[in-house]
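What follows is one structure encoded as structure tokens, with my remarks underneath.
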Amino acid sequence: MRVKKGTVIFSIIHVLIYILNVLIISPLQVLARVVARATSRQTDQTINVFGSPLAMSHFPFLKSYCARSYDAPAFNGHLSTILCGFRPRWPVPYTREFVDGPDGNPICLDWFLASTVTREAKGIMIVFPGLASWSQTNYVQHYVWRAHRRGIHCCVINGRGLGDTPLKQPRLISATWTGDVHRAMSTALARRSLELKFGHAAENVWGVGFSLGGVILSKFLAEEAENGRALPPFDAAIVLNSPLDAGETSKKLLKVKSRLYQRNMVRNVMRYFTRHETILRELPGPSHEAYHSDPLSFLKHLKNLEEFDHHINAPHNGFCSIAEYHAAASVLTTLRCSRVPTLCVIAKDDPVVCDVSSERLKELANENNLVAFIKFPYGGHLGYFGNPIEVWNEVPSLMEDFVCNAILSGQGHWHRKDSKHLVQTDE
């Protein structure tokens with residue numbers, strides 16, 4: 001097998017970081033934990049799970065994580081996040097399906113099906129990528145390949161205009177806009193359509209939202225419940241490293257420690273607007289004449305995402321203020337209405353999204369008994385990186401394995417006669 005030069009260089013860097021972490025940082029952390037045991041029943045390594053008995057019954061595999069210690073390398077949140085972003089790419093040979101959006105803009109659904117030559121597919125994973133991400137973004141590739149190898153069909157709902165997808169209408173992707181999702185889920189991804197295409201695999205359909213994608217997924221589930229739809233579009237959902245409190249996350253990104261991520265996000269927004277400058281010049285909402293006369297020059301004066309939300313995102317989505325926009329985009333708000341079993345995955349050391357107190361998580365879990373939370377002490381933002389040997393040998397990361405195990409645990413669960421969960425039939 002020919003090894004690419006980039007893979008070797010990345011592996012060398014990974015080994016050096018791992019050695020530094022094991023020989024210098026970890027011993028100090030161990031010493032601190034030994035001292036902490038005298039005053040605390042739990043150590044920094046503990047994985048915490050919150051959820052009602054009903055929620056736990058829908059995620060039975062969670063019992064094995066209760067009070068368990070984090071066994072992946074304890075990289076700090078920044079290292080885990082950065083390593084994940086720079087690891088070798090795994091291009092996926094998707095098959096693209098087009099659906100007309102509510103305004104005629106094409107919705108691009110990228111499919112990668114599990115091989116059914118030797119076994120039947122065990123479920124379907126519908127992926128909602130994060131900000132500026134699409135089906136060929138590094139972390140999406142890795143999760144899709146892992147699921148594919150475990151016998152799970154995968155479909156990525158690409159945000160309009162991202163990657164190689166078209167933008168033909170002046171409509172931005174947003175944490176609060178779900179028009180394309182509703183259209184896709186009522187047509188190509190409707191339960192009846194999936195049943196006709198994939199048979200029994202359509203009895204175990206999961207929505208998996210990464211970061212901003214989790215916000216959009218949660219918003220969609222809340223709207224489905226509020227619209228009175230008795231039968232849910234997914235059997236279950238996973239919201240992974242999403243900003244549970246959008247306002248507090250926006251404030252965190254303004255801090256010095258988060259400037260690296262803030263700059264990268266702003267850079268991605270600028271690339272998006274540069275690529276689609278002509279169509280986005282007609283974007284409804286922004287009131288500044290300077291924007292409509294020269295969008296790129298206007299955006300170059302914006303220093304961070306909060307200013308972008310204030311001047312562009314909030315008015316474009318019909319909000320009078322950034323506070324209203326953040327309130328509508330907060331997962332802790334939208335999940336109160338969801339009627340689909342939903343598991344929120346949190347990393348305590350996530351350098352991008354704000355940490356939420358256990359009390360707030362327990363409060364929501366008590367209010368909506370279909371929602372559960374699992375909080376890892378480490379992992380960073382979509383990181384959860386393994387050791388160099390595991391990565392070199394293409395062993396799934398802790399979180400890649402976690403997501404696949406979650407989906408596989410649903411096989412045969414949702415359609416049992418004794419299940420209390422409602423099943424969609426499209427009738």
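Chains: A, B, ... in order of the structure tokens. Residues: from 1 per chain. Ligands: from 1, in order shown.
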Requested in this report: Just the strand (DSSP E) stuff from region 192-290 of chain A, please, per backbone DSSP, written as a ChimeraX atom specification.
Outcome: /A:205-210,236-240
Practice problem: Would you mind listing what lies within 10 Å of Gly386 (chain A) as a PyMOL selection string, with only C-alpha atoms counted and same-chain residues fewer than 6 positions away left out? | Solution: chain A and resi 14+18+71-75+80+83-84+379+392+394-399
Residues flagged alpha helix (DSSP H) by DSSP in region 162-215 of chain A, as a ChimeraX atom specification
/A:179-186,191-198,212-215
Emit the selected residues as an mmCIF file, in the first residue's frame, including N, CA and C atoms.
```
data_model
loop_
_atom_site.group_PDB
_atom_site.id
_atom_site.type_symbol
_atom_site.label_atom_id
_atom_site.label_comp_id
_atom_site.auth_asym_id
_atom_site.auth_seq_id
_atom_site.Cartn_x
_atom_site.Cartn_y
_atom_site.Cartn_z
ATOM 1 N N GLY A 179 -35.830 25.641 5.587
ATOM 2 C CA GLY A 179 -36.645 25.419 4.394
ATOM 3 C C GLY A 179 -36.183 24.253 3.549
ATOM 4 N N ASP A 180 -34.871 24.159 3.298
ATOM 5 C CA ASP A 180 -34.351 23.061 2.485
ATOM 6 C C ASP A 180 -34.508 21.718 3.190
ATOM 7 N N VAL A 181 -34.350 21.716 4.499
ATOM 8 C CA VAL A 181 -34.484 20.467 5.255
ATOM 9 C C VAL A 181 -35.921 19.955 5.182
ATOM 10 N N HIS A 182 -36.888 20.837 5.393
ATOM 11 C CA HIS A 182 -38.291 20.428 5.306
ATOM 12 C C HIS A 182 -38.605 19.854 3.927
ATOM 13 N N ARG A 183 -38.095 20.509 2.870
ATOM 14 C CA ARG A 183 -38.371 20.020 1.523
ATOM 15 C C ARG A 183 -37.739 18.651 1.286
ATOM 16 N N ALA A 184 -36.482 18.485 1.684
ATOM 17 C CA ALA A 184 -35.808 17.202 1.481
ATOM 18 C C ALA A 184 -36.476 16.086 2.274
ATOM 19 N N MET A 185 -36.864 16.395 3.526
ATOM 20 C CA MET A 185 -37.449 15.370 4.390
ATOM 21 C C MET A 185 -38.888 15.025 4.002
ATOM 22 N N SER A 186 -39.516 15.847 3.184
ATOM 23 C CA SER A 186 -40.882 15.547 2.743
ATOM 24 C C SER A 186 -40.916 14.955 1.338
ATOM 25 N N ARG A 191 -40.160 9.040 4.805
ATOM 26 C CA ARG A 191 -40.073 7.641 5.235
ATOM 27 C C ARG A 191 -40.515 6.674 4.136
ATOM 28 N N ARG A 192 -41.613 7.007 3.447
ATOM 29 C CA ARG A 192 -42.088 6.115 2.392
ATOM 30 C C ARG A 192 -41.060 5.970 1.279
ATOM 31 N N SER A 193 -40.412 7.069 0.913
ATOM 32 C CA SER A 193 -39.381 7.014 -0.125
ATOM 33 C C SER A 193 -38.212 6.137 0.309
ATOM 34 N N LEU A 194 -37.804 6.286 1.566
ATOM 35 C CA LEU A 194 -36.690 5.483 2.076
ATOM 36 C C LEU A 194 -37.059 4.010 2.153
ATOM 37 N N GLU A 195 -38.305 3.713 2.531
ATOM 38 C CA GLU A 195 -38.748 2.321 2.607
ATOM 39 C C GLU A 195 -38.727 1.665 1.230
ATOM 40 N N LEU A 196 -39.176 2.405 0.215
ATOM 41 C CA LEU A 196 -39.200 1.862 -1.143
ATOM 42 C C LEU A 196 -37.790 1.604 -1.662
ATOM 43 N N LYS A 197 -36.842 2.459 -1.281
ATOM 44 C CA LYS A 197 -35.466 2.320 -1.764
ATOM 45 C C LYS A 197 -34.665 1.289 -0.977
ATOM 46 N N PHE A 198 -34.852 1.276 0.347
ATOM 47 C CA PHE A 198 -33.919 0.540 1.200
ATOM 48 C C PHE A 198 -34.559 -0.513 2.100
ATOM 49 N N LEU A 212 -22.992 23.460 13.860
ATOM 50 C CA LEU A 212 -24.136 24.222 13.356
ATOM 51 C C LEU A 212 -25.208 23.299 12.783
ATOM 52 N N GLY A 213 -24.785 22.181 12.199
ATOM 53 C CA GLY A 213 -25.750 21.222 11.665
ATOM 54 C C GLY A 213 -26.668 20.674 12.736
ATOM 55 N N GLY A 214 -26.147 20.533 13.958
ATOM 56 C CA GLY A 214 -26.978 20.083 15.068
ATOM 57 C C GLY A 214 -28.008 21.119 15.467
ATOM 58 N N VAL A 215 -27.647 22.400 15.335
ATOM 59 C CA VAL A 215 -28.590 23.486 15.622
ATOM 60 C C VAL A 215 -29.740 23.445 14.621
#
```
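Across A:Thr334, A:Ser287, A:Asn268, A:Asn105, the tightest approach to His311 (chain A) is made by A:Ser287 when counting only C-alpha atoms.
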I'd like the neighbourhood of Gln411 (chain A) as a PyMOL selection string, where a residue qualifies if any of its atoms comes within 7 Å (using only C-alpha atoms), though same-chain residues fewer than 2 positions away should be ignored. chain A and resi 122-123+204+408-409+413
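Among the candidates A:His200, A:His58, A:Arg336, A:Arg267, the residue lying nearest to Leu364 (chain A) is A:Arg336 (atoms considered: only C-alpha atoms).
The list of residues with at least one atom within 10 Å of Phe59 (chain A), based on only C-alpha atoms and without residues fewer than 5 positions apart in the same chain, reads Gly51, Pro53, Leu54, Ala236, Pro341, Thr342, Leu343, Leu370, Ala372, Ala406, Ile407, Ser409, Gly410 and His413 of chain A.
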Using C-alpha atoms, can you export the residues from the last selection as a PDB file, in the first residue's frame?
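Saved to again-v3.pdb:
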```pdb
ATOM      1  CA  GLY A  51     -31.508  11.630  30.892  1.00  0.00           C
ATOM      2  CA  PRO A  53     -35.620   6.614  32.215  1.00  0.00           C
ATOM      3  CA  LEU A  54     -37.616   6.956  28.972  1.00  0.00           C
ATOM      4  CA  ALA A 236     -33.659   9.295  16.749  1.00  0.00           C
ATOM      5  CA  PRO A 341     -35.458  10.853  21.010  1.00  0.00           C
ATOM      6  CA  THR A 342     -32.406  13.113  20.864  1.00  0.00           C
ATOM      7  CA  LEU A 343     -28.928  12.611  22.276  1.00  0.00           C
ATOM      8  CA  LEU A 370     -36.989  12.238  25.145  1.00  0.00           C
ATOM      9  CA  ALA A 372     -30.497  12.857  26.916  1.00  0.00           C
ATOM     10  CA  ALA A 406     -25.676   4.473  18.668  1.00  0.00           C
ATOM     11  CA  ILE A 407     -27.228   3.945  15.245  1.00  0.00           C
ATOM     12  CA  SER A 409     -28.348  -0.004  18.740  1.00  0.00           C
ATOM     13  CA  GLY A 410     -31.552   1.241  17.116  1.00  0.00           C
ATOM     14  CA  HIS A 413     -35.823  -1.157  18.456  1.00  0.00           C
TER      15      HIS A 413
END
```
inquiry  = Residues within 10 Å of Leu131 (chain A), please, as a ChimeraX atom specification. Count only C-alpha atoms; anything in the same chain fewer than 2 positions from it doesn't count.
reply    = /A:128-129,133-134,159,162,173-175,210-213,265,268-269
Expressed in Å, the length from CA of Asp103 (chain A) to CA of Arg275 (chain A) is 20.1 Å
Requested in this report: Would you please work out which residue, of A:Leu296, A:Cys108, A:Cys337, A:Ala329, is nearest to Asn369 (chain A) when using only C-alpha atoms?
Outcome: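 Checking each of A:Leu296, A:Cys108, A:Cys337, A:Ala329 against Asn369 (chain A), counting only C-alpha atoms, the winner is A:Cys337.
By only C-alpha atoms, and with residues fewer than 4 positions from region 44-50 of chain A along its chain excluded, the set lying at most 9 Å from it is Gln29, Arg33, Ala36, Met56, Leu62, Lys63, Tyr65, Cys66, Ala67, Arg68, Ser69, Tyr70, Asp71, Ala74, Ser358, Leu361, Lys362, Ala365, Val371, Ala372, Phe373, Ile374, Lys375, Phe376, Pro377 and Tyr378 of chain A.
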Handout entry: Selected residue, from A:Pro170, A:Gly85, A:Pro233, A:Pro315, that lies nearest to Ala202 (chain A) when counting only C-alpha atoms
Key =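 Checking each candidate against Ala202 (chain A), we get A:Pro233 as the closest.
Nearest-residue note for Asp294 (chain A): choosing from A:Thr274, A:Ile389, A:Glu248, A:Ala190, the minimum distance belongs to A:Thr274, counting only C-alpha atoms.
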